[in-house]
Amino acid sequence: MNKPHRSLAAQVKERLIQKGLEKRLKQMGATPMARPRQEDTAVPEAFTRFDRQPGFRQVRMIQEGAQRFGVENPFFHVHAGTASAHSEIAGHPVINYGSYNYLGLSGHPQVNAAAKAAIDRYGTSVSASRIVAGERPLHRNLEQSIAELYGVDDALVMVSGHGTNISLIGHLLGPKDMVLHDEYAHNSILMGIQISRAQRFSFRHNDMDDLERLLQNHRHRAERLLIAVEGIYSMDGDYPDLPVLVDLKKRYGAWLLIDEAHALGVVGHRGLGIAEHFGIDPRKVDIWMGTLSKSLAACGGYVAGEKALIENLRYLAPGFLYSVGMSPPVAAAAQAALKLLKAEPERVAALQARGAYFFDRIRALGLDTGSGAGIAITPAIFGSSLHAVRLSSALLQRGIHVQPIIYPAVPEKQARLRFFLSSTHSQADIDITLDALRACL
């Protein structure tokens, strides 16, 4: 019975406050704001329809442009079977340069067997975040193996490679901090910076002088400063100068993050990444990040570094704390692939040999390979998105699958075909590809 009286009193109080405000506004020569009429608050139709959303309109514009030029959609081809050096599209066999199965470990019998055994023991999902009830021995085993690979204290695996960078950077940094990143840094790094609300500056691709200029000009404006680069850049197939990066981060009091998504299993004589390639102690890098979906034939991401970093992320990083634990067969597959990476260095040697052979012969055709290093990723830059798409389609007709990379993923004058090599590509595969390229060009 008291509630109506309190409600009435609240209404009276509200009216008195409103009258007092109106009186005060009148004394100040202002007029009270009138409540907007319903017709004045109508929401434009464009704000309630997905087909009027700018992103969808951009997609439709690209699709309509392709139709006008008689170009088939070069994306979302359905592959039959395992992603490897060979595949099948629409019932036709193709030599495949569109997957990241660098060492041919996706589909390897030992990797498949490990995944199947994990399903038999743990099921297909741990069905909870690891901190709640999703922790399994295979998670810690995989993390220990990754930490040992880098020679650091500990590691943490997450269910998404893209999400790993977002959660890592978004959690570690804040508005008083700063990130200096390569202008070609992956979208996941940029999204992590955006969530962190840290200040952000990009330096010219692999230009250490430009990076030092930014450090000189801006280091004093931030508390924590992160330098973010990639071990190998997936668009260009090149890598940064790690010794200079280590020197700069030390002299300017910064953290150094190396994203090894495309470097692990690819560079270094044993495939242990860019630190091995340069002969640098991995402990001189503050944060190692990478993905499990490429050389390690699984899915997800990892962070490796000192104990304080990993414990911070393990207990507080949103992308780990509030996400289900990694699926048992995925974790087991990554662990098995990591063992094979260490046990069979000849896979890495074969990949690097195939990459160098392909790179040299692509250049001999007079094609622009940009700053590519010829290890496992070779771009062939044509400058026109339309040209790149048409050439990709023509090659597919000849049994060669290679994806075009077009605007806005790269600048319009940098449109390209991007070839991903695998240790399972044969020299004959490459020669057939080169013959097809000559014919199409």
# chains A, B, ... in the order shown; residues from 1 in each chain; ligands from 1
call {"tool": "closest_atom_pairs", "arguments": {"of": "segment 334-366 of chain A", "to": "segment 138-157 of chain A", "cutoff": "10 Å", "atoms": "only C-alpha atoms", "output": "JSON lines"}}
result
{"residue": "A:Ala334", "atom": "CA", "partner": "A:Leu142", "partner_atom": "CA", "distance": 7.4}
{"residue": "A:Gln335", "atom": "CA", "partner": "A:Leu142", "partner_atom": "CA", "distance": 5.5}
{"residue": "A:Ala336", "atom": "CA", "partner": "A:Leu142", "partner_atom": "CA", "distance": 9.2}
{"residue": "A:Leu338", "atom": "CA", "partner": "A:Ser145", "partner_atom": "CA", "distance": 7.9}
{"residue": "A:Lys339", "atom": "CA", "partner": "A:Ser145", "partner_atom": "CA", "distance": 8.7}
{"residue": "A:Lys342", "atom": "CA", "partner": "A:Leu149", "partner_atom": "CA", "distance": 9.0}
call {"tool": "select_by_dssp", "arguments": {"residues": "segment 111-347 of chain A", "states": "alpha helix (DSSP H)", "output": "count of residues only"}}
result
106
call {"tool": "closest_residue", "arguments": {"among": "A:Val266, A:Ser99, A:Ala409, A:Phe69", "to": "Tyr184 of chain A", "atoms": "only C-alpha atoms"}}
result
A:Ala409
call {"tool": "closest_residue", "arguments": {"among": "A:Ile258, A:Ala356, A:Leu421, A:Met326", "to": "Ser127 of chain A", "atoms": "only C-alpha atoms"}}
result
A:Met326
call {"tool": "select_by_dssp", "arguments": {"residues": "segment 228-384 of chain A", "states": "strand (DSSP E)", "output": "ChimeraX atom specification"}}
result
/A:228-230,255-259,287-291,301-305,377-381
call {"tool": "residues_around", "arguments": {"residues": "Asn73 of chain A", "least_positions_apart": "6", "cutoff": "10 Å", "atoms": "only C-alpha atoms", "output": "PyMOL selection string"}}
result
chain A and resi 62-63+66-67+389-390+393
call {"tool": "residues_around", "arguments": {"residues": "Val179 of chain A", "least_positions_apart": "6", "cutoff": "9 Å", "atoms": "only C-alpha atoms", "output": "list in words"}}
result
Leu173, Ile193, Ala198, Gln199, Arg200, Phe201, Ser202, Arg224, Leu225, Leu226, Ile227 and Ala228 of chain A
call {"tool": "write_last_selection", "arguments": {"atoms": "N, CA and C atoms", "output": "CSV table (one decimal), in the first residue's frame"}}
result
chain,number,residue,atom,x,y,z
A,173,LEU,N,46.7,-2.9,-23.2
A,173,LEU,CA,46.9,-1.5,-23.4
A,173,LEU,C,45.6,-0.6,-23.1
A,193,ILE,N,44.0,-2.7,-31.4
A,193,ILE,CA,44.4,-1.3,-31.0
A,193,ILE,C,43.1,-0.5,-30.8
A,198,ALA,N,44.2,2.8,-27.4
A,198,ALA,CA,45.6,3.4,-27.4
A,198,ALA,C,45.8,4.3,-28.6
A,199,GLN,N,46.8,5.2,-28.4
A,199,GLN,CA,47.2,6.0,-29.6
A,199,GLN,C,47.8,5.1,-30.6
A,200,ARG,N,47.7,5.4,-31.9
A,200,ARG,CA,48.2,4.6,-32.9
A,200,ARG,C,48.9,5.3,-34.0
A,201,PHE,N,50.1,4.9,-34.4
A,201,PHE,CA,50.9,5.4,-35.5
A,201,PHE,C,51.4,4.3,-36.3
A,202,SER,N,51.4,4.4,-37.7
A,202,SER,CA,51.9,3.4,-38.5
A,202,SER,C,53.2,3.9,-39.1
A,224,ARG,N,52.9,3.0,-21.6
A,224,ARG,CA,53.4,1.7,-22.3
A,224,ARG,C,53.4,1.9,-23.8
A,225,LEU,N,54.4,1.4,-24.5
A,225,LEU,CA,54.4,1.5,-25.9
A,225,LEU,C,54.7,0.1,-26.5
A,226,LEU,N,53.9,-0.3,-27.5
A,226,LEU,CA,54.0,-1.6,-28.1
A,226,LEU,C,54.4,-1.4,-29.6
A,227,ILE,N,55.4,-2.1,-30.0
A,227,ILE,CA,55.8,-2.2,-31.5
A,227,ILE,C,55.2,-3.5,-32.0
A,228,ALA,N,54.4,-3.4,-33.0
A,228,ALA,CA,53.7,-4.6,-33.5
A,228,ALA,C,54.1,-4.8,-35.0
call {"tool": "residues_around", "arguments": {"residues": "segment 83-94 of chain A", "least_positions_apart": "2", "cutoff": "7 Å", "atoms": "only C-alpha atoms", "output": "list of chain:residue names"}}
result
A:His77, A:Val78, A:His79, A:Ala80, A:Gly81, A:Asn96, A:Tyr97, A:Ser99, A:Asn101, A:Gly104, A:Gly399, A:Ile400, A:His401, A:Ser422, A:Thr424, A:His425
call {"tool": "atom_distance", "arguments": {"atom1": "atom CA of Leu441 of chain A", "atom2": "atom CA of Met61 of chain A"}}
result
27.7 Å
call {"tool": "residues_around", "arguments": {"residues": "segment 215-220 of chain A", "least_positions_apart": "6", "cutoff": "10 Å", "atoms": "only C-alpha atoms", "output": "VMD selection string"}}
result
chain A and resid 177 to 180 199 201 209 227 248 to 249 251 to 254
call {"tool": "closest_residue", "arguments": {"among": "A:Gly98, A:Gly70, A:Pro243, A:Gly65", "to": "Ile405 of chain A", "atoms": "only C-alpha atoms"}}
result
A:Gly98
call {"tool": "residues_around", "arguments": {"residues": "Gly301 of chain A", "least_positions_apart": "4", "cutoff": "7 Å", "atoms": "only C-alpha atoms", "output": "ChimeraX atom specification"}}
result
/A:157-161,164,290-292
call {"tool": "write_last_selection", "arguments": {"atoms": "N, CA and C atoms", "output": "tab-separated table (two decimals), in the first residue's frame"}}
result
chain	number	residue	atom	x	y	z
A	157	VAL	N	46.77	-20.72	-25.34
A	157	VAL	CA	46.11	-20.91	-26.63
A	157	VAL	C	44.66	-20.43	-26.55
A	158	MET	N	44.19	-19.82	-27.62
A	158	MET	CA	42.83	-19.31	-27.71
A	158	MET	C	42.15	-19.90	-28.94
A	159	VAL	N	40.83	-19.81	-28.97
A	159	VAL	CA	40.07	-20.51	-30.01
A	159	VAL	C	40.08	-19.79	-31.36
A	160	SER	N	40.57	-18.56	-31.42
A	160	SER	CA	40.59	-17.81	-32.68
A	160	SER	C	41.92	-17.10	-32.83
A	161	GLY	N	42.55	-17.26	-33.99
A	161	GLY	CA	43.78	-16.55	-34.26
A	161	GLY	C	43.54	-15.05	-34.34
A	164	THR	N	42.83	-13.68	-30.98
A	164	THR	CA	43.97	-13.65	-30.06
A	164	THR	C	44.61	-12.28	-30.05
A	290	GLY	N	50.94	-16.20	-32.57
A	290	GLY	CA	50.83	-16.94	-33.82
A	290	GLY	C	49.50	-17.66	-33.90
A	291	THR	N	49.32	-18.37	-34.99
A	291	THR	CA	48.08	-19.12	-35.19
A	291	THR	C	48.40	-20.61	-35.35
A	292	LEU	N	47.39	-21.42	-35.08
A	292	LEU	CA	47.52	-22.87	-35.16
A	292	LEU	C	46.97	-23.42	-36.47
